[in-house]
$ cat structure-v5.tsv   # TSV, C-alpha atoms and all ligand atoms
chain	number	residue	atom	x	y	z
X	1	MET	CA	15.31	18.74	10.69
X	2	SER	CA	11.81	19.37	12.00
X	3	GLY	CA	8.56	21.11	11.06
X	4	ILE	CA	5.90	23.32	12.60
X	5	TYR	CA	2.21	23.07	11.71
X	6	ILE	CA	-0.23	25.79	12.79
X	7	HIS	CA	-3.93	25.03	12.55
X	8	ILE	CA	-5.95	28.18	11.80
X	9	PRO	CA	-9.53	26.93	12.06
X	10	PHE	CA	-11.54	29.81	10.59
X	11	CYS	CA	-13.66	29.43	7.43
X	12	ALA	CA	-16.14	31.90	5.93
X	13	SER	CA	-18.62	29.06	5.40
X	14	ARG	CA	-18.63	25.26	5.41
X	15	CYS	CA	-18.18	23.25	2.20
X	16	ILE	CA	-20.57	20.30	2.03
X	17	TYR	CA	-17.91	17.58	1.96
X	18	CYS	CA	-15.59	18.91	4.65
X	19	ASP	CA	-14.84	17.05	7.87
X	20	PHE	CA	-11.75	19.06	8.90
X	21	TYR	CA	-11.98	20.93	12.17
X	22	SER	CA	-13.03	24.50	11.32
X	23	THR	CA	-15.43	27.14	12.57
X	24	THR	CA	-17.31	30.04	10.98
X	25	LEU	CA	-16.64	32.27	14.04
X	26	ARG	CA	-15.49	35.71	12.91
X	27	ASN	CA	-13.18	38.45	14.18
X	28	LYS	CA	-11.19	36.21	16.50
X	29	GLY	CA	-7.79	37.25	15.07
X	30	PRO	CA	-6.47	39.09	18.16
X	31	GLN	CA	-7.47	36.36	20.65
X	32	PHE	CA	-6.20	33.64	18.34
X	33	VAL	CA	-2.76	35.23	18.00
X	34	GLU	CA	-2.65	35.72	21.80
X	35	ALA	CA	-3.49	32.04	22.36
X	36	LEU	CA	-0.79	31.01	19.87
X	37	VAL	CA	1.76	33.19	21.66
X	38	ARG	CA	0.89	31.37	24.91
X	39	GLU	CA	1.18	27.94	23.31
X	40	MET	CA	4.50	28.74	21.61
X	41	ALA	CA	5.96	29.98	24.90
X	42	GLU	CA	4.86	26.74	26.61
X	43	ARG	CA	6.08	24.40	23.90
X	44	LYS	CA	9.11	26.02	22.34
X	45	ASP	CA	11.38	23.24	23.65
X	46	PHE	CA	9.38	20.46	22.00
X	47	LEU	CA	11.61	20.38	18.92
X	48	HIS	CA	15.27	19.43	19.30
X	49	GLU	CA	16.22	19.85	15.66
X	50	PRO	CA	16.34	22.94	13.42
X	51	VAL	CA	13.03	23.96	11.85
X	52	ARG	CA	13.05	23.31	8.12
X	53	THR	CA	9.39	23.88	7.22
X	54	ILE	CA	6.36	25.75	8.53
X	55	TYR	CA	2.83	25.09	7.34
X	56	LEU	CA	-0.16	27.32	8.12
X	57	GLY	CA	-3.16	25.06	7.48
X	58	GLY	CA	-6.81	25.03	8.29
X	59	GLY	CA	-9.58	25.90	8.03
X	60	THR	CA	-8.66	28.81	5.82
X	61	PRO	CA	-5.58	30.71	7.08
X	62	SER	CA	-6.08	33.39	4.40
X	63	GLN	CA	-9.38	34.27	6.19
X	64	LEU	CA	-7.33	35.70	9.05
X	65	GLY	CA	-5.98	38.44	6.78
X	66	PRO	CA	-2.43	39.69	6.17
X	67	SER	CA	-1.85	41.57	9.45
X	68	TYR	CA	-2.57	38.57	11.67
X	69	ILE	CA	-0.57	36.25	9.42
X	70	ARG	CA	2.35	38.65	9.74
X	71	ALA	CA	1.88	38.73	13.53
X	72	ILE	CA	2.03	34.90	13.64
X	73	LEU	CA	5.27	34.87	11.62
X	74	GLU	CA	6.78	37.45	13.99
X	75	VAL	CA	5.95	35.31	17.02
X	76	LEU	CA	7.41	32.23	15.34
X	77	GLU	CA	10.61	34.15	14.65
X	78	LYS	CA	10.85	35.13	18.34
X	79	ASN	CA	10.30	31.61	19.68
X	80	PHE	CA	12.15	29.35	17.24
X	81	ASP	CA	15.44	29.30	15.38
X	82	LEU	CA	14.29	29.69	11.78
X	83	SER	CA	17.74	30.14	10.28
X	84	ASN	CA	17.41	26.77	8.45
X	85	CYS	CA	13.78	27.28	7.46
X	86	GLU	CA	13.35	26.75	3.70
X	87	GLU	CA	9.64	26.54	3.14
X	88	ILE	CA	6.74	28.47	4.71
X	89	THR	CA	3.40	27.48	3.21
X	90	MET	CA	0.02	29.08	3.78
X	91	GLU	CA	-3.25	27.46	2.71
X	92	ALA	CA	-5.67	29.86	1.06
X	93	ASN	CA	-8.97	30.11	-0.75
X	94	PRO	CA	-9.05	32.07	-4.02
X	95	GLU	CA	-11.82	34.49	-3.04
X	96	ASP	CA	-9.69	35.97	-0.23
X	97	PHE	CA	-7.21	37.27	-2.82
X	98	VAL	CA	-9.95	38.87	-4.91
X	99	ASP	CA	-12.52	40.40	-2.54
X	100	GLY	CA	-10.20	43.10	-1.14
X	101	SER	CA	-9.54	41.39	2.21
X	102	TRP	CA	-5.97	40.72	1.06
X	103	PRO	CA	-4.90	44.06	-0.42
X	104	PHE	CA	-1.37	43.12	-1.62
X	105	PHE	CA	1.35	45.62	-1.12
X	106	GLU	CA	3.29	46.69	-4.22
X	107	GLY	CA	4.90	43.40	-5.13
X	108	ARG	CA	4.86	42.06	-1.57
X	109	PHE	CA	2.56	39.54	0.01
X	110	LEU	CA	2.50	40.97	3.54
X	111	PRO	CA	2.38	44.54	4.88
X	112	GLY	CA	5.24	46.26	6.71
X	113	ASN	CA	8.99	45.81	6.50
X	114	PRO	CA	10.23	42.58	4.92
X	115	LEU	CA	10.44	39.72	7.46
X	116	PRO	CA	13.57	37.54	7.72
X	117	HIS	CA	11.40	34.45	7.07
X	118	THR	CA	8.09	34.79	5.34
X	119	ILE	CA	5.46	32.92	3.31
X	120	ASN	CA	7.11	31.56	0.15
X	121	ARG	CA	4.53	28.98	-0.89
X	122	ILE	CA	0.74	29.15	-1.24
X	123	SER	CA	-1.47	26.09	-1.38
X	124	MET	CA	-4.85	27.07	-2.78
X	125	GLY	CA	-8.10	25.07	-2.74
X	126	VAL	CA	-9.31	25.20	-6.35
X	127	GLN	CA	-11.17	21.84	-6.44
X	128	SER	CA	-12.68	22.37	-9.93
X	129	MET	CA	-12.50	24.82	-12.82
X	130	VAL	CA	-16.21	24.22	-13.58
X	131	ASP	CA	-18.43	26.78	-11.86
X	132	SER	CA	-21.50	24.53	-11.55
X	133	GLU	CA	-19.40	21.87	-9.75
X	134	LEU	CA	-18.01	24.49	-7.36
X	135	LYS	CA	-21.56	25.60	-6.55
X	136	ILE	CA	-22.61	22.06	-5.66
X	137	LEU	CA	-19.67	21.83	-3.25
X	138	ARG	CA	-20.75	25.20	-1.76
X	139	ARG	CA	-17.38	26.72	-2.44
X	140	ARG	CA	-17.43	30.51	-2.36
X	141	HIS	CA	-15.21	31.02	-5.40
X	142	ASP	CA	-15.67	30.53	-9.11
X	143	SER	CA	-13.15	29.91	-11.88
X	144	THR	CA	-12.64	33.66	-12.47
X	145	HIS	CA	-11.58	34.11	-8.83
X	146	ILE	CA	-9.02	31.32	-9.30
X	147	ARG	CA	-7.42	32.93	-12.36
X	148	ILE	CA	-7.29	36.39	-10.72
X	149	ALA	CA	-5.90	34.97	-7.45
X	150	VAL	CA	-3.03	33.17	-9.21
X	151	LYS	CA	-2.17	36.32	-11.18
X	152	ARG	CA	-2.14	38.46	-8.02
X	153	LEU	CA	-0.01	35.97	-6.11
X	154	ARG	CA	2.59	36.04	-8.89
X	155	GLU	CA	2.53	39.86	-8.87
X	156	ALA	CA	3.22	39.65	-5.12
X	157	ASN	CA	6.28	37.47	-5.87
X	158	ILE	CA	4.83	34.18	-4.70
X	159	ASN	CA	6.47	31.85	-7.17
X	160	ASN	CA	5.70	28.50	-5.60
X	161	ILE	CA	1.98	27.87	-5.97
X	162	SER	CA	0.21	24.60	-5.29
X	163	LEU	CA	-3.36	24.10	-6.52
X	164	ASP	CA	-5.75	21.40	-5.19
X	165	LEU	CA	-8.26	19.58	-7.38
X	166	MET	CA	-10.98	17.04	-6.54
X	167	TYR	CA	-12.45	14.30	-8.70
X	168	GLY	CA	-15.45	12.03	-8.36
X	169	LEU	CA	-17.73	15.03	-7.75
X	170	PRO	CA	-21.52	14.91	-8.24
X	171	THR	CA	-22.35	15.85	-11.89
X	172	GLN	CA	-18.65	15.68	-12.87
X	173	THR	CA	-17.92	13.75	-16.08
X	174	LEU	CA	-14.67	12.56	-17.60
X	175	ALA	CA	-14.95	15.47	-20.07
X	176	SER	CA	-15.53	18.12	-17.37
X	177	TRP	CA	-12.63	16.64	-15.35
X	178	GLU	CA	-10.38	16.91	-18.41
X	179	TYR	CA	-11.47	20.54	-18.79
X	180	SER	CA	-10.55	21.25	-15.14
X	181	ILE	CA	-7.11	19.67	-15.59
X	182	ASP	CA	-6.44	21.58	-18.83
X	183	GLU	CA	-7.55	24.91	-17.37
X	184	LEU	CA	-5.48	24.34	-14.25
X	185	LEU	CA	-2.38	23.54	-16.33
X	186	LYS	CA	-2.80	26.86	-18.16
X	187	LEU	CA	-2.16	28.54	-14.78
X	188	GLN	CA	1.25	26.76	-14.61
X	189	PRO	CA	1.28	25.92	-10.88
X	190	GLN	CA	4.52	24.43	-9.54
X	191	HIS	CA	2.60	21.79	-7.59
X	192	ILE	CA	-0.78	20.05	-7.92
X	193	SER	CA	-2.61	17.91	-5.35
X	194	ALA	CA	-5.62	15.89	-6.47
X	195	TYR	CA	-8.01	13.99	-4.20
X	196	ASN	CA	-10.85	11.61	-4.84
X	197	LEU	CA	-13.98	13.04	-3.15
X	198	SER	CA	-14.65	11.07	-0.02
X	199	ILE	CA	-18.09	11.04	1.57
X	200	GLU	CA	-17.60	11.37	5.30
X	201	GLU	CA	-20.31	10.64	7.81
X	202	GLY	CA	-21.67	13.74	9.54
X	203	THR	CA	-21.16	16.01	6.51
X	204	PRO	CA	-24.06	17.58	4.54
X	205	LEU	CA	-22.75	15.71	1.49
X	206	HIS	CA	-23.26	12.40	3.28
X	207	ASP	CA	-26.92	13.31	4.02
X	208	LEU	CA	-27.58	14.49	0.45
X	209	VAL	CA	-26.10	11.31	-1.03
X	210	HIS	CA	-28.04	9.22	1.49
X	211	LYS	CA	-31.30	10.95	0.51
X	212	GLY	CA	-30.53	10.41	-3.18
X	213	GLU	CA	-30.29	14.15	-3.90
X	214	LEU	CA	-26.67	13.96	-5.07
X	215	THR	CA	-24.85	11.11	-6.77
X	216	PRO	CA	-21.06	11.02	-6.75
X	217	CYS	CA	-19.21	9.33	-9.63
X	218	ASP	CA	-19.01	5.53	-9.65
X	219	ASP	CA	-15.72	3.74	-8.91
X	220	GLU	CA	-15.00	2.98	-12.56
X	221	THR	CA	-15.30	6.66	-13.55
X	222	CYS	CA	-13.09	7.69	-10.59
X	223	LEU	CA	-10.39	5.22	-11.71
X	224	ALA	CA	-10.59	6.62	-15.25
X	225	MET	CA	-10.32	10.17	-13.86
X	226	ALA	CA	-7.24	9.26	-11.81
X	227	ALA	CA	-5.62	7.62	-14.85
X	228	LEU	CA	-6.38	10.65	-17.04
X	229	LEU	CA	-4.87	12.97	-14.44
X	230	ARG	CA	-1.67	10.92	-14.22
X	231	LYS	CA	-1.35	10.84	-18.01
X	232	LYS	CA	-1.92	14.57	-18.53
X	233	LEU	CA	0.28	15.72	-15.66
X	234	LYS	CA	3.11	13.42	-16.72
X	235	ALA	CA	2.90	14.81	-20.26
X	236	ALA	CA	3.05	18.34	-18.79
X	237	GLY	CA	6.29	17.54	-16.91
X	238	TYR	CA	4.94	16.92	-13.39
X	239	GLU	CA	6.36	14.07	-11.29
X	240	GLN	CA	3.92	12.08	-9.18
X	241	TYR	CA	5.93	11.83	-5.97
X	242	GLU	CA	3.04	10.68	-3.78
X	243	ILE	CA	-0.38	9.19	-4.52
X	244	SER	CA	-2.14	12.57	-4.44
X	245	ASN	CA	0.78	14.92	-5.14
X	246	TYR	CA	2.50	16.08	-8.32
X	247	ALA	CA	5.26	18.63	-8.74
X	248	LEU	CA	7.48	20.19	-11.35
X	249	PRO	CA	11.12	19.18	-10.74
X	250	GLY	CA	12.42	20.84	-7.57
X	251	TYR	CA	8.97	21.71	-6.20
X	252	HIS	CA	8.04	18.74	-3.99
X	253	SER	CA	6.42	19.94	-0.78
X	254	HIS	CA	9.15	19.57	1.86
X	255	HIS	CA	6.61	19.87	4.65
X	256	ASN	CA	4.32	17.09	3.40
X	257	SER	CA	7.32	14.88	2.62
X	258	SER	CA	8.42	15.20	6.24
X	259	TYR	CA	5.12	13.58	7.42
X	260	TRP	CA	5.85	10.58	5.20
X	261	ASN	CA	9.45	10.40	6.42
X	262	HIS	CA	8.67	10.44	10.14
X	263	THR	CA	10.27	13.82	10.77
X	264	PRO	CA	9.33	15.40	14.14
X	265	TYR	CA	6.83	18.25	14.01
X	266	LEU	CA	5.16	20.55	16.45
X	267	GLY	CA	1.45	21.21	15.88
X	268	LEU	CA	0.07	24.45	17.31
X	269	GLY	CA	-3.58	25.55	17.43
X	270	PRO	CA	-6.88	23.78	18.13
X	271	GLY	CA	-6.91	20.20	16.85
X	272	ALA	CA	-3.25	20.34	15.72
X	273	HIS	CA	-1.25	17.11	15.98
X	274	SER	CA	2.42	16.82	17.02
X	275	TYR	CA	4.93	13.99	16.65
X	276	ASP	CA	8.20	13.72	18.57
X	277	GLY	CA	9.97	11.70	15.83
X	278	HIS	CA	10.00	8.54	17.96
X	279	ARG	CA	6.92	7.06	19.59
X	280	GLN	CA	4.80	9.93	20.82
X	281	ARG	CA	1.90	11.54	19.01
X	282	SER	CA	-0.22	14.18	20.72
X	283	TRP	CA	-2.98	16.53	19.73
X	284	ASN	CA	-4.83	19.56	21.06
X	285	THR	CA	-8.60	19.35	21.54
X	286	PRO	CA	-10.32	20.54	18.36
X	287	ASP	CA	-12.31	23.31	20.02
X	288	VAL	CA	-11.46	26.92	19.28
X	289	GLN	CA	-13.32	28.37	22.30
X	290	THR	CA	-11.36	26.11	24.68
X	291	TYR	CA	-8.15	27.06	22.88
X	292	LEU	CA	-8.87	30.80	23.07
X	293	ARG	CA	-9.29	30.38	26.86
X	294	GLY	CA	-5.72	29.06	26.95
X	295	GLN	CA	-6.58	25.38	27.44
X	296	ARG	CA	-5.37	22.72	25.05
X	297	ASN	CA	-6.59	19.54	26.81
X	298	GLU	CA	-3.81	17.66	25.06
X	299	GLU	CA	-4.17	13.93	24.42
X	300	VAL	CA	-1.13	11.69	23.98
X	301	GLU	CA	-0.67	8.33	22.27
X	302	ILE	CA	2.44	6.18	22.58
X	303	LEU	CA	3.04	4.10	19.46
X	304	SER	CA	4.00	0.42	19.72
X	305	ASP	CA	6.43	-1.23	17.29
X	306	LEU	CA	3.46	-2.63	15.43
X	307	ASP	CA	1.84	0.84	15.17
X	308	LEU	CA	5.11	2.19	13.78
X	309	TYR	CA	5.36	-0.66	11.26
X	310	ASN	CA	1.78	-0.08	10.06
X	311	GLU	CA	2.32	3.68	9.80
X	312	ARG	CA	5.48	3.22	7.81
X	313	ILE	CA	3.71	0.88	5.41
X	314	MET	CA	0.69	3.18	5.14
X	315	LEU	CA	2.63	6.42	4.63
X	316	GLY	CA	5.76	5.10	2.90
X	317	LEU	CA	3.92	3.16	0.22
X	318	ARG	CA	2.04	6.31	-0.75
X	319	THR	CA	5.32	7.80	-1.97
X	320	ALA	CA	7.04	7.11	-5.29
X	321	SER	CA	10.24	6.05	-3.49
X	322	GLY	CA	8.33	3.48	-1.36
X	323	ILE	CA	9.83	1.80	1.72
X	324	PRO	CA	13.11	-0.03	2.41
X	325	MET	CA	12.63	-3.81	2.51
X	326	SER	CA	14.28	-3.70	5.95
X	327	TYR	CA	10.97	-2.38	7.40
X	328	PHE	CA	9.71	-5.95	7.28
X	329	ASP	CA	12.65	-7.08	9.43
X	330	THR	CA	11.59	-4.73	12.22
X	331	LEU	CA	8.65	-7.05	12.76
X	332	ASN	CA	10.91	-9.88	13.86
X	333	ASP	CA	11.73	-8.09	17.08
X	334	ALA	CA	8.54	-6.07	17.47
X	335	GLU	CA	7.79	-5.30	21.11
X	336	PRO	CA	5.42	-5.65	22.85
X	337	TYR	CA	3.91	-7.43	19.89
X	338	THR	CA	5.35	-10.47	18.14
X	339	LEU	CA	3.85	-11.88	14.96
X	340	ASN	CA	2.38	-15.31	15.33
X	341	SER	CA	3.21	-17.85	12.63
X	342	ASN	CA	-0.16	-17.34	10.86
X	343	GLN	CA	0.33	-13.60	10.62
X	344	GLU	CA	3.88	-14.04	9.39
X	345	SER	CA	2.84	-16.49	6.69
X	346	ASP	CA	-0.16	-14.26	5.68
X	347	LEU	CA	2.18	-11.30	5.28
X	348	ASN	CA	4.68	-13.31	3.20
X	349	ASN	CA	1.87	-14.72	1.04
X	350	ASN	CA	0.30	-11.30	0.52
X	351	LEU	CA	3.62	-9.79	-0.49
X	352	SER	CA	4.34	-12.62	-2.96
X	353	SER	CA	0.86	-12.35	-4.42
X	354	LEU	CA	1.17	-8.55	-4.86
X	355	LEU	CA	4.53	-9.07	-6.60
X	356	ASP	CA	3.06	-11.79	-8.85
X	357	ARG	CA	0.16	-9.50	-9.78
X	358	HIS	CA	2.66	-6.68	-10.54
X	359	LEU	CA	0.93	-4.34	-8.08
X	360	VAL	CA	4.19	-3.69	-6.21
X	361	GLN	CA	7.82	-3.74	-7.31
X	362	ILE	CA	11.21	-4.07	-5.61
X	363	GLN	CA	14.00	-1.84	-6.89
X	364	ASN	CA	17.27	-1.11	-5.08
X	365	ASN	CA	15.97	-2.99	-2.07
X	366	ARG	CA	12.90	-0.71	-1.79
X	367	LEU	CA	9.29	-1.74	-2.20
X	368	SER	CA	6.95	0.63	-4.05
X	369	LEU	CA	3.59	0.59	-5.82
X	370	SER	CA	3.71	-0.17	-9.54
X	371	ALA	CA	1.68	1.88	-12.05
X	372	SER	CA	-1.25	-0.57	-11.73
X	373	GLY	CA	-0.77	-0.71	-7.94
X	374	LEU	CA	-1.25	3.07	-7.74
X	375	ALA	CA	-4.81	2.70	-8.99
X	376	LEU	CA	-5.55	0.20	-6.19
X	377	ALA	CA	-3.31	1.78	-3.55
X	378	ASP	CA	-5.68	1.47	-0.58
X	379	GLU	CA	-6.28	-2.25	-1.15
X	380	VAL	CA	-2.59	-2.98	-1.74
X	381	ILE	CA	-1.50	-1.11	1.39
X	382	ARG	CA	-4.17	-2.87	3.46
X	383	GLU	CA	-2.77	-6.27	2.44
X	384	LEU	CA	0.61	-5.37	3.90
X	385	MET	CA	-0.65	-3.98	7.18
X	386	ILE	CA	-1.02	-6.17	10.27
X	387	VAL	CA	-4.03	-6.05	12.54
X	388	GLY	CA	-2.92	-6.56	16.15
W	401	LIG	S1	-12.71	25.99	3.04
W	401	LIG	FE1	-11.55	24.08	3.39
W	401	LIG	S2	-11.51	23.79	5.63
W	401	LIG	FE2	-13.09	25.35	5.17
W	401	LIG	S3	-15.01	24.21	5.06
W	401	LIG	FE3	-14.21	24.34	2.95
W	401	LIG	S4	-12.95	22.49	2.68
W	401	LIG	FE4	-13.32	22.72	4.88
$ encode --input "structure-v5.tsv" --output "structure tokens"
Amino acid sequence: MSGIYIHIPFCASRCIYCDFYSTTLRNKGPQFVEALVREMAERKDFLHEPVRTIYLGGGTPSQLGPSYIRAILEVLEKNFDLSNCEEITMEANPEDFVDGSWPFFEGRFLPGNPLPHTINRISMGVQSMVDSELKILRRRHDSTHIRIAVKRLREANINNISLDLMYGLPTQTLASWEYSIDELLKLQPQHISAYNLSIEEGTPLHDLVHKGELTPCDDETCLAMAALLRKKLKAAGYEQYEISNYALPGYHSHHNSSYWNHTPYLGLGPGAHSYDGHRQRSWNTPDVQTYLRGQRNEEVEILSDLDLYNERIMLGLRTASGIPMSYFDTLNDAEPYTLNSNQESDLNNNLSSLLDRHLVQIQNNRLSLSASGLALADEVIRELMIVG
């Protein structure tokens, strides 16, 4: 099975923490769809396995509006065999479902005749249910928009809704975080993703923190917030199937899981990454103007055995099911890289020490993070990676 990712880079404005590739250019729908048509025609043979999932990410795909989203689905249908496609997700921001730009059509999400394969999952950037926190992030929505958007999506028969939250925000407290979780749970989403705010260089947030105008939460508070989230979501029946992802039974994101399982995917659009399922990763230049002119300026990276090992450790240990112990064996015949005896003994020592400290566990010949390891995931994963 394989996946398709389409990067739709348009945003109405920039949030202060964001370092994704996006642009505030407007009214580029027709040229963007044309450029996608060209890219699909060029690359339709990239995937050799049936398409199982499609993900429209961004940016803010909902900014493009329902007619262009429908046009993109029609072009996908023409270029790929979607007969095995189970999940089509679109990322969205709540305000687009409230301000009239997404009119909704009598119980249907898109205009026109029903499509054979259409959006059946929405992933919406909520971030917080506290209006003052949303303002600081320069989000365009407030908590009322979120509640209305979820209600409208359900009326349009979207019954698989994922909502994103962020913790560690400036001014956020453990109590306000608990309020956000409780209010979000009242909306009964099938899936919840929660991320610790990260302060990336080059973002307005980075400058404001640097100048002392904003103060994010300290590490101890962030750990307490993550623990509170795990406790409340578990009590509400959600399974944590990856460090940042929780789902009601049967609602794991198939598309995201395929990234962790090394499934091939084709990335279309400016800045989109592709993976051939073996050793090749490639990506389009993240520049919408270049893309609209029909140029992708693709870059390609060929992964070594060591790169593959490190990726498997990094991605696999983020999941609840972890990695097979046999991954470590692949290092014995890694080409073109072979571990020297120091590296081999460091790796063995690190693994033993993590097991002794109960930060990782081995069950059914698979290695995974323990409950205490989850709280220190980045450090644990780093100890099992090998620097070449
Ligand atoms: S809406 Fe999303 S992609 Fe756009 S600027 Fe905000 S965080 Fe970034």
$ closest_atom_pairs --input "structure-v5.tsv" --of "region 117-222 of chain X" --to "region 15-21 of chain X" --cutoff "8 Å" --atoms "all atoms listed in the file" --output "CSV"
residue,atom,partner,partner_atom,distance
X:Leu137,CA,X:Ile16,CA,5.6
X:Arg138,CA,X:Cys15,CA,5.1
X:Arg139,CA,X:Cys15,CA,5.8
X:Leu197,CA,X:Tyr17,CA,7.9
X:Ser198,CA,X:Tyr17,CA,7.5
X:Ile199,CA,X:Tyr17,CA,6.6
X:Glu200,CA,X:Asp19,CA,6.8
X:Gly202,CA,X:Asp19,CA,7.8
X:Thr203,CA,X:Tyr17,CA,5.8
X:Pro204,CA,X:Ile16,CA,5.1
X:Leu205,CA,X:Ile16,CA,5.1
X:His206,CA,X:Tyr17,CA,7.6
$ write_last_selection --input "structure-v5.tsv" --atoms "C-alpha atoms" --output "mmCIF file, in the coordinates of the input"
data_model
loop_
_atom_site.group_PDB
_atom_site.id
_atom_site.type_symbol
_atom_site.label_atom_id
_atom_site.label_comp_id
_atom_site.auth_asym_id
_atom_site.auth_seq_id
_atom_site.Cartn_x
_atom_site.Cartn_y
_atom_site.Cartn_z
ATOM 1 C CA LEU X 137 -19.670 21.830 -3.250
ATOM 2 C CA ARG X 138 -20.750 25.200 -1.760
ATOM 3 C CA ARG X 139 -17.380 26.720 -2.440
ATOM 4 C CA LEU X 197 -13.980 13.040 -3.150
ATOM 5 C CA SER X 198 -14.650 11.070 -0.020
ATOM 6 C CA ILE X 199 -18.090 11.040 1.570
ATOM 7 C CA GLU X 200 -17.600 11.370 5.300
ATOM 8 C CA GLY X 202 -21.670 13.740 9.540
ATOM 9 C CA THR X 203 -21.160 16.010 6.510
ATOM 10 C CA PRO X 204 -24.060 17.580 4.540
ATOM 11 C CA LEU X 205 -22.750 15.710 1.490
ATOM 12 C CA HIS X 206 -23.260 12.400 3.280
#
$ closest_residue --input "structure-v5.tsv" --among "X:Gly373, X:Gly269, X:Gly277, X:Pro189" --to "Gly294 (chain X)" --atoms "only C-alpha atoms"
X:Gly269
$ residues_around --input "structure-v5.tsv" --residues "Pro114 (chain X)" --least-positions-apart "6" --cutoff "12 Å" --atoms "all atoms listed in the file" --output "PyMOL selection string"
chain X and resi 70+73-74+105+107-108
$ residues_around --input "structure-v5.tsv" --residues "His145 (chain X)" --least-positions-apart "2" --cutoff "8 Å" --atoms "all atoms listed in the file" --output "MDAnalysis selection string"
chainID X and resid 94:95 98 141:143 147:149
$ closest_residue --input "structure-v5.tsv" --among "X:Ser372, X:Thr53, X:Ser62, X:Asn27" --to "ligand LIG 401 (chain W)" --atoms "all atoms listed in the file"
X:Ser62
$ residues_near_point --input "structure-v5.tsv" --point "(-7.4, 22.3, -5.7)" --cutoff "6 Å" --atoms "all atoms listed in the file" --output "list of chain:residue names"
X:Gly125, X:Val126, X:Gln127, X:Leu163, X:Asp164, X:Leu165
$ write_last_selection --input "structure-v5.tsv" --atoms "C-alpha atoms" --output "compact mmCIF listing (two decimals), in the frame of the given file"
# COMPACT_ATOMS: atom_id res chain seq x y z
CA GLY X 125 -8.10 25.07 -2.74
CA VAL X 126 -9.31 25.20 -6.35
CA GLN X 127 -11.17 21.84 -6.44
CA LEU X 163 -3.36 24.10 -6.52
CA ASP X 164 -5.75 21.40 -5.19
CA LEU X 165 -8.26 19.58 -7.38
$ residues_near_point --input "structure-v5.tsv" --point "(-12.2, 10.4, -10.3)" --cutoff "6 Å" --atoms "all atoms listed in the file" --output "PyMOL selection string"
chain X and resi 167-168+196+221-223+225-226
$ closest_residue --input "structure-v5.tsv" --among "X:Thr23, X:Gln172, X:Gln280, X:Asn348" --to "ligand LIG 401 (chain W)" --atoms "only C-alpha atoms and all ligand atoms"
X:Thr23
$ atom_distance --input "structure-v5.tsv" --atom1 "CA of Ser101 (chain X)" --atom2 "CA of Tyr55 (chain X)"
21.1 Å
$ atom_distance --input "structure-v5.tsv" --atom1 "CA of Ile302 (chain X)" --atom2 "CA of Arg279 (chain X)"
5.5 Å
$ atom_distance --input "structure-v5.tsv" --atom1 "CA of Glu106 (chain X)" --atom2 "CA of Glu91 (chain X)"
21.5 Å
$ residues_around --input "structure-v5.tsv" --residues "Leu292 (chain X)" --least-positions-apart "3" --cutoff "10 Å" --atoms "all atoms listed in the file" --output "mmCIF file with C-alpha atoms, keeping the file's coordinate frame"
data_model
loop_
_atom_site.group_PDB
_atom_site.id
_atom_site.type_symbol
_atom_site.label_atom_id
_atom_site.label_comp_id
_atom_site.auth_asym_id
_atom_site.auth_seq_id
_atom_site.Cartn_x
_atom_site.Cartn_y
_atom_site.Cartn_z
ATOM 1 C CA LYS X 28 -11.190 36.210 16.500
ATOM 2 C CA PRO X 30 -6.470 39.090 18.160
ATOM 3 C CA GLN X 31 -7.470 36.360 20.650
ATOM 4 C CA PHE X 32 -6.200 33.640 18.340
ATOM 5 C CA VAL X 33 -2.760 35.230 18.000
ATOM 6 C CA GLU X 34 -2.650 35.720 21.800
ATOM 7 C CA ALA X 35 -3.490 32.040 22.360
ATOM 8 C CA LEU X 36 -0.790 31.010 19.870
ATOM 9 C CA ARG X 38 0.890 31.370 24.910
ATOM 10 C CA GLY X 269 -3.580 25.550 17.430
ATOM 11 C CA PRO X 270 -6.880 23.780 18.130
ATOM 12 C CA ASP X 287 -12.310 23.310 20.020
ATOM 13 C CA VAL X 288 -11.460 26.920 19.280
ATOM 14 C CA GLN X 289 -13.320 28.370 22.300
ATOM 15 C CA GLN X 295 -6.580 25.380 27.440
ATOM 16 C CA ARG X 296 -5.370 22.720 25.050
#
$ axis_aligned_box --input "structure-v5.tsv" --around "region 91-107 of chain X" --padding-each-side "3 Å" --output "AutoDock Vina command-line options"
--center_x -3.8 --center_y 37.1 --center_z -1.2 --size_x 23.4 --size_y 25.2 --size_z 13.8
$ closest_residue --input "structure-v5.tsv" --among "X:Leu169, X:Leu354, X:Val300, X:Ile54" --to "Leu268 (chain X)" --atoms "only C-alpha atoms"
X:Ile54
$ residues_around --input "structure-v5.tsv" --residues "Leu187 (chain X)" --least-positions-apart "3" --cutoff "10 Å" --atoms "only C-alpha atoms" --output "list in words"
Ile146, Arg147, Val150, Lys151, Ile161, Leu163, Asp182, Glu183, Leu184 and Gln190 of chain X
